[in-house]
Amino acid sequence: MRVIGLMSGTSYDAIDAAAADLSLHGDTLVLTPLGMISTAYDDELRADLAGALPPAGVDLATVCRLDTRIGQAFAAAAVRADAELCGGRADLVASHGQTVFHWTEDGRVHGTLQIGEAAWIAEATGRPVVSGFRTRDVAAGGQGAPLVSIVDVMWLRGRPGVPVALNLGGIGNVTVVPGGVAGTGGEPLAFDTGPANALIDAAVTALAGRDTPRDTPGDVPTMDVDGAFAARGTVHPPLLRRLLADPYYARPAPKTTGKERFHLPYLRAALDACEPLSVEDVVATLTRLTARTVADAIRPFGATEVIASGGGIRNPVLMDRLRQELGAGRADGVDGRGGRGGRGGCVVRSSDELGLPAGAKEAYAFAVLGWLTAHGLPGTVPACTGARRASVLGSITPGGPGLRLPRPPATAPVRLTVDGGPGPVRPDHLR
């Protein structure tokens, strides 16, 4: 089955469309990557979306317009992906949509909202669309996140030691796949670590124009490209201590968070308690905050390798700070301080090395989730999301006339192998 996964994360900068050919062999799901395209939101839509996100207040007319325009943008990305990556022969589209609110109180998720109406995608492509993935897990008592954890568990099962999948989007999240690690009961665990790029992006967008006058508003950066601001700055210890005191970091997993908590007003409140700081020093401090909180979240599990993906891995300063915090080496054995290896034997590598492009891993993951739903199979690991039970996720919008779904397989997959990637050892009958 050829499936297109559509994803726009908490950075809401672009729609990623990844196409995969998925086939089941025994208990192993084989993913053959067909490629990925990325389509940026147009400036007006991105600005309108940014202006509607928490803590802003919006009316239902605004929500309706955004739901429609984002659905149409996702539809255009799916049409392009079908033509360019699948030769016009895609069987299914799996759309995450755009998260605009994740309702959490006292450590519990009460609801979640992803917009980008699937009917626009189905109408434009003529393909059935799976969407609305998160809500069913929330209804079953789960956090609704990180939903990619089932894909991580299937993908990393069988790797030696204690591998940890790390995604550095707007919010960071991890999936730990332990090999009988003390305190975990051998069960996998997944949770959001806190802000990855969310506060860094907010600081650059708000402060760079203030500190560096530019000719036009379009010249103001919205992210720390190549870690340039952080590299020029110095960590401000009082600001870092204040940010690290947020109670979210001490909460037990499973847990989830988002830009409902970690946004520009949150950052401004912390900055108001400090002396005036340059944008470089603020971004250097926030980069250290991300590295510290991710490392603190991973360290208790005795990780032997961290497999990173998401936009944050393109920031060399952030990755260097993360290796410093973990005392970890790169996959080539060179650590973040120029030495060989890393204390504790932990290695930080990119998901590219295991066959999944780091910039498209979540889009591929939602392609897998769509495949599971289409086959009537659960798409969650209760130990990872905190749900009472594993659930078949999402809703299906028919494409052309009628709806024909495949029969549920006799054996549900427990492993995921990326065709052409190293991953776990493939069964003999797949070699």
# chains A, B, ... in the order shown; residues from 1 in each chain; ligands from 1
>>> residues_around(residues="Ser131 in chain A", least_positions_apart="5", cutoff="9 Å", atoms="only C-alpha atoms", output="number ranges by chain")
A: 93-97, 117-118, 370, 393-397
>>> select_by_dssp(residues="range 49-191 of chain A", states="strand (DSSP E)", output="PyMOL selection string")
chain A and resi 92-105+108-115+129-131+163-168+171-176+189-191
>>> residues_around(residues="Arg314 in chain A", least_positions_apart="3", cutoff="9 Å", atoms="only C-alpha atoms", output="list in words")
Val225, Asp226, Gly227, Gly310, Gly311, Val317, Leu318 and Met319 of chain A
>>> write_last_selection(atoms="N, CA and C atoms", output="tab-separated table (two decimals), in the first residue's frame")
chain	number	residue	atom	x	y	z
A	225	VAL	N	18.93	30.19	12.48
A	225	VAL	CA	19.50	29.39	11.39
A	225	VAL	C	20.95	29.05	11.71
A	226	ASP	N	21.27	27.76	11.67
A	226	ASP	CA	22.61	27.24	11.95
A	226	ASP	C	23.12	27.60	13.34
A	227	GLY	N	22.22	27.99	14.24
A	227	GLY	CA	22.63	28.32	15.60
A	227	GLY	C	23.47	29.58	15.69
A	310	GLY	N	13.86	15.78	13.37
A	310	GLY	CA	13.19	17.07	13.53
A	310	GLY	C	14.08	18.23	13.14
A	311	GLY	N	13.47	19.39	13.01
A	311	GLY	CA	14.20	20.58	12.55
A	311	GLY	C	15.35	20.97	13.44
A	317	VAL	N	24.66	24.15	17.03
A	317	VAL	CA	24.94	24.58	18.40
A	317	VAL	C	24.06	23.81	19.37
A	318	LEU	N	22.78	23.65	19.04
A	318	LEU	CA	21.89	22.87	19.89
A	318	LEU	C	22.37	21.43	20.01
A	319	MET	N	22.77	20.82	18.91
A	319	MET	CA	23.23	19.44	18.96
A	319	MET	C	24.53	19.31	19.75
>>> select_by_dssp(residues="range 159-400 of chain A", states="helix (DSSP H, G or I)", output="count of residues only")
109
>>> atom_distance(atom1="CA of Ser309 in chain A", atom2="CA of Glu325 in chain A")
17.8 Å
>>> atom_distance(atom1="CA of Gly111 in chain A", atom2="CA of Lys255 in chain A")
13.9 Å
>>> residues_around(residues="Arg288 in chain A", least_positions_apart="5", cutoff="8 Å", atoms="only C-alpha atoms", output="list of chain:residue names")
A:Val235, A:Leu240, A:Leu318, A:Arg321, A:Leu322
>>> closest_residue(among="A:Arg80, A:Arg261, A:His25, A:Arg407", to="Pro195 in chain A", atoms="only C-alpha atoms")
A:Arg261
>>> closest_residue(among="A:Thr293, A:Thr135, A:Thr10, A:Leu34", to="Pro247 in chain A", atoms="only C-alpha atoms")
A:Thr293
>>> residues_around(residues="Glu123 in chain A", least_positions_apart="5", cutoff="9 Å", atoms="only C-alpha atoms", output="list in words")
Ala75, Ala118, Pro398, Gly399 and Gly400 of chain A
>>> write_last_selection(atoms="N, CA and C atoms", output="tab-separated table (two decimals), in the first residue's frame")
chain	number	residue	atom	x	y	z
A	75	ALA	N	-4.30	19.69	1.12
A	75	ALA	CA	-4.75	19.04	-0.11
A	75	ALA	C	-3.78	19.28	-1.25
A	118	ALA	N	-10.20	17.30	6.44
A	118	ALA	CA	-9.77	16.21	5.55
A	118	ALA	C	-10.58	16.13	4.28
A	398	PRO	N	-13.89	9.06	2.92
A	398	PRO	CA	-13.75	8.39	1.62
A	398	PRO	C	-13.21	9.32	0.56
A	399	GLY	N	-12.52	8.74	-0.42
A	399	GLY	CA	-12.00	9.53	-1.53
A	399	GLY	C	-12.97	9.58	-2.68
A	400	GLY	N	-12.83	8.66	-3.64
A	400	GLY	CA	-13.77	8.60	-4.75
A	400	GLY	C	-15.05	7.93	-4.31
>>> closest_residue(among="A:Gly172, A:Gly312, A:Pro378, A:Gly402", to="Ser350 in chain A", atoms="only C-alpha atoms")
A:Gly312
>>> residues_around(residues="Ile150 in chain A", least_positions_apart="5", cutoff="12 Å", atoms="only C-alpha atoms", output="ChimeraX atom specification")
/A:145,155-157,165,174-177,188-190,362,365-366,368-369,372,377-385,390-391,393,413-416
>>> atom_distance(atom1="CA of Thr39 in chain A", atom2="CA of Ala308 in chain A")
22.3 Å
>>> residues_around(residues="Cys86 in chain A", least_positions_apart="6", cutoff="10 Å", atoms="only C-alpha atoms", output="PyMOL selection string")
chain A and resi 2-4+19-21+34-35+80
>>> write_last_selection(atoms="all heavy atoms", output="compact mmCIF listing (two decimals), in the first residue's frame")
# COMPACT_ATOMS: atom_id res chain seq x y z
N ARG A 2 0.59 2.16 -0.92
CA ARG A 2 1.32 3.42 -0.98
C ARG A 2 0.56 4.48 -0.18
O ARG A 2 -0.60 4.79 -0.49
CB ARG A 2 1.50 3.88 -2.42
CG ARG A 2 2.43 2.97 -3.22
CD ARG A 2 2.77 3.58 -4.55
NE ARG A 2 3.79 2.77 -5.22
CZ ARG A 2 4.49 3.15 -6.27
NH1 ARG A 2 4.27 4.36 -6.79
NH2 ARG A 2 5.39 2.37 -6.82
N VAL A 3 1.22 5.01 0.84
CA VAL A 3 0.56 5.94 1.77
C VAL A 3 1.35 7.24 1.81
O VAL A 3 2.59 7.23 1.89
CB VAL A 3 0.46 5.34 3.18
CG1 VAL A 3 -0.33 6.29 4.09
CG2 VAL A 3 -0.16 3.97 3.16
N ILE A 4 0.63 8.34 1.76
CA ILE A 4 1.23 9.67 1.91
C ILE A 4 0.93 10.16 3.32
O ILE A 4 -0.24 10.24 3.73
CB ILE A 4 0.67 10.66 0.88
CG1 ILE A 4 1.03 10.22 -0.54
CG2 ILE A 4 1.20 12.08 1.15
CD1 ILE A 4 0.29 11.00 -1.62
N ALA A 19 5.99 10.02 1.29
CA ALA A 19 5.31 8.87 0.70
C ALA A 19 6.09 7.61 1.00
O ALA A 19 7.32 7.59 0.92
CB ALA A 19 5.14 9.05 -0.80
N ALA A 20 5.36 6.54 1.34
CA ALA A 20 5.99 5.27 1.67
C ALA A 20 5.20 4.13 1.07
O ALA A 20 3.96 4.18 1.00
CB ALA A 20 6.08 5.10 3.19
N ASP A 21 5.91 3.11 0.64
CA ASP A 21 5.30 1.86 0.24
C ASP A 21 5.39 0.94 1.45
O ASP A 21 6.50 0.65 1.93
CB ASP A 21 6.03 1.26 -0.96
CG ASP A 21 5.21 0.20 -1.67
OD1 ASP A 21 4.30 -0.37 -1.03
OD2 ASP A 21 5.47 -0.06 -2.85
N LEU A 34 9.58 6.56 -0.37
CA LEU A 34 9.45 6.99 -1.76
C LEU A 34 9.84 8.45 -1.96
O LEU A 34 9.88 8.93 -3.09
CB LEU A 34 8.01 6.78 -2.24
CG LEU A 34 7.48 5.34 -2.18
CD1 LEU A 34 6.03 5.29 -2.64
CD2 LEU A 34 8.35 4.41 -3.03
N GLY A 35 10.12 9.13 -0.87
CA GLY A 35 10.56 10.51 -0.97
C GLY A 35 9.70 11.45 -0.15
O GLY A 35 8.68 11.05 0.44
N ARG A 80 0.41 17.14 -4.89
CA ARG A 80 1.79 17.20 -5.39
C ARG A 80 2.57 15.95 -5.03
O ARG A 80 3.30 15.39 -5.86
CB ARG A 80 2.48 18.44 -4.82
CG ARG A 80 3.89 18.64 -5.32
CD ARG A 80 4.54 19.85 -4.68
NE ARG A 80 5.98 19.79 -4.83
CZ ARG A 80 6.84 20.43 -4.06
NH1 ARG A 80 6.40 21.19 -3.06
NH2 ARG A 80 8.14 20.31 -4.27
>>> decode(residues="range 401-416 of chain A", atoms="all heavy atoms", output="short mmCIF file (atom, residue, chain, number, x, y, z; two decimals), in the first residue's frame")
data_model
loop_
_atom_site.label_atom_id
_atom_site.label_comp_id
_atom_site.auth_asym_id
_atom_site.auth_seq_id
_atom_site.Cartn_x
_atom_site.Cartn_y
_atom_site.Cartn_z
N PRO A 401 -15.87 7.51 -5.28
CA PRO A 401 -17.14 6.85 -4.92
C PRO A 401 -16.89 5.53 -4.20
O PRO A 401 -16.08 4.71 -4.63
CB PRO A 401 -17.81 6.62 -6.29
CG PRO A 401 -16.68 6.66 -7.27
CD PRO A 401 -15.69 7.62 -6.72
N GLY A 402 -17.56 5.35 -3.06
CA GLY A 402 -17.40 4.12 -2.30
C GLY A 402 -16.13 4.14 -1.47
O GLY A 402 -15.27 5.00 -1.62
N LEU A 403 -16.04 3.18 -0.59
CA LEU A 403 -14.87 3.06 0.28
C LEU A 403 -14.56 1.58 0.46
O LEU A 403 -15.40 0.83 0.96
CB LEU A 403 -15.13 3.71 1.65
CG LEU A 403 -14.01 3.57 2.69
CD1 LEU A 403 -12.75 4.31 2.24
CD2 LEU A 403 -14.48 4.11 4.05
N ARG A 404 -13.39 1.18 0.03
CA ARG A 404 -12.97 -0.20 0.17
C ARG A 404 -11.66 -0.23 0.95
O ARG A 404 -10.65 0.31 0.50
CB ARG A 404 -12.77 -0.85 -1.21
CG ARG A 404 -12.35 -2.32 -1.14
CD ARG A 404 -12.25 -2.92 -2.53
NE ARG A 404 -13.56 -2.92 -3.20
CZ ARG A 404 -13.73 -3.34 -4.45
NH1 ARG A 404 -12.69 -3.75 -5.16
NH2 ARG A 404 -14.94 -3.32 -4.97
N LEU A 405 -11.69 -0.86 2.11
CA LEU A 405 -10.52 -0.95 2.97
C LEU A 405 -9.97 -2.37 2.95
O LEU A 405 -10.72 -3.33 2.73
CB LEU A 405 -10.87 -0.55 4.40
CG LEU A 405 -11.35 0.89 4.61
CD1 LEU A 405 -11.77 1.10 6.06
CD2 LEU A 405 -10.27 1.88 4.20
N PRO A 406 -8.68 -2.52 3.17
CA PRO A 406 -8.10 -3.87 3.20
C PRO A 406 -8.57 -4.66 4.41
O PRO A 406 -8.98 -4.08 5.43
CB PRO A 406 -6.59 -3.60 3.27
CG PRO A 406 -6.46 -2.24 3.86
CD PRO A 406 -7.66 -1.47 3.38
N ARG A 407 -8.52 -5.98 4.30
CA ARG A 407 -8.87 -6.82 5.45
C ARG A 407 -7.81 -6.70 6.53
O ARG A 407 -6.62 -6.58 6.23
CB ARG A 407 -8.97 -8.27 5.01
CG ARG A 407 -10.13 -8.59 4.10
CD ARG A 407 -10.15 -10.07 3.76
NE ARG A 407 -11.26 -10.42 2.90
CZ ARG A 407 -11.49 -11.64 2.45
NH1 ARG A 407 -10.65 -12.63 2.78
NH2 ARG A 407 -12.53 -11.88 1.67
N PRO A 408 -8.22 -6.75 7.80
CA PRO A 408 -7.21 -6.78 8.87
C PRO A 408 -6.32 -8.00 8.71
O PRO A 408 -6.80 -9.09 8.39
CB PRO A 408 -8.06 -6.87 10.14
CG PRO A 408 -9.39 -6.32 9.77
CD PRO A 408 -9.60 -6.72 8.33
N PRO A 409 -5.02 -7.84 8.89
CA PRO A 409 -4.12 -8.97 8.72
C PRO A 409 -4.27 -9.99 9.84
O PRO A 409 -4.73 -9.66 10.95
CB PRO A 409 -2.73 -8.32 8.76
CG PRO A 409 -2.92 -7.07 9.55
CD PRO A 409 -4.31 -6.61 9.24
N ALA A 410 -3.88 -11.23 9.55
CA ALA A 410 -3.96 -12.27 10.57
C ALA A 410 -2.99 -12.00 11.71
O ALA A 410 -3.24 -12.36 12.86
CB ALA A 410 -3.66 -13.63 9.93
N THR A 411 -1.86 -11.36 11.39
CA THR A 411 -0.83 -11.05 12.39
C THR A 411 -0.55 -9.55 12.36
O THR A 411 -0.20 -9.01 11.31
CB THR A 411 0.47 -11.81 12.11
OG1 THR A 411 0.20 -13.21 12.09
CG2 THR A 411 1.53 -11.50 13.17
N ALA A 412 -0.71 -8.89 13.49
CA ALA A 412 -0.39 -7.46 13.56
C ALA A 412 1.11 -7.28 13.61
O ALA A 412 1.84 -8.07 14.24
CB ALA A 412 -1.03 -6.85 14.80
N PRO A 413 1.64 -6.24 12.96
CA PRO A 413 3.09 -6.03 12.99
C PRO A 413 3.58 -5.63 14.38
O PRO A 413 2.90 -4.86 15.08
CB PRO A 413 3.30 -4.90 11.98
CG PRO A 413 2.00 -4.17 11.94
CD PRO A 413 0.95 -5.21 12.16
N VAL A 414 4.73 -6.13 14.75
CA VAL A 414 5.38 -5.72 16.00
C VAL A 414 6.74 -5.09 15.73
O VAL A 414 7.36 -4.55 16.64
CB VAL A 414 5.53 -6.92 16.97
CG1 VAL A 414 4.18 -7.45 17.38
CG2 VAL A 414 6.38 -8.02 16.36
N ARG A 415 7.19 -5.18 14.49
CA ARG A 415 8.48 -4.61 14.11
C ARG A 415 8.30 -3.77 12.85
O ARG A 415 7.44 -4.05 12.02
CB ARG A 415 9.52 -5.70 13.84
CG ARG A 415 9.90 -6.50 15.07
CD ARG A 415 10.87 -7.64 14.72
NE ARG A 415 11.23 -8.39 15.91
CZ ARG A 415 10.49 -9.34 16.45
NH1 ARG A 415 9.34 -9.67 15.87
NH2 ARG A 415 10.88 -9.95 17.54
N LEU A 416 9.15 -2.77 12.72
CA LEU A 416 9.18 -1.93 11.52
C LEU A 416 10.60 -1.93 10.98
O LEU A 416 11.55 -1.64 11.73
CB LEU A 416 8.74 -0.50 11.84
CG LEU A 416 8.88 0.51 10.70
CD1 LEU A 416 7.79 0.25 9.65
CD2 LEU A 416 8.78 1.95 11.21
#
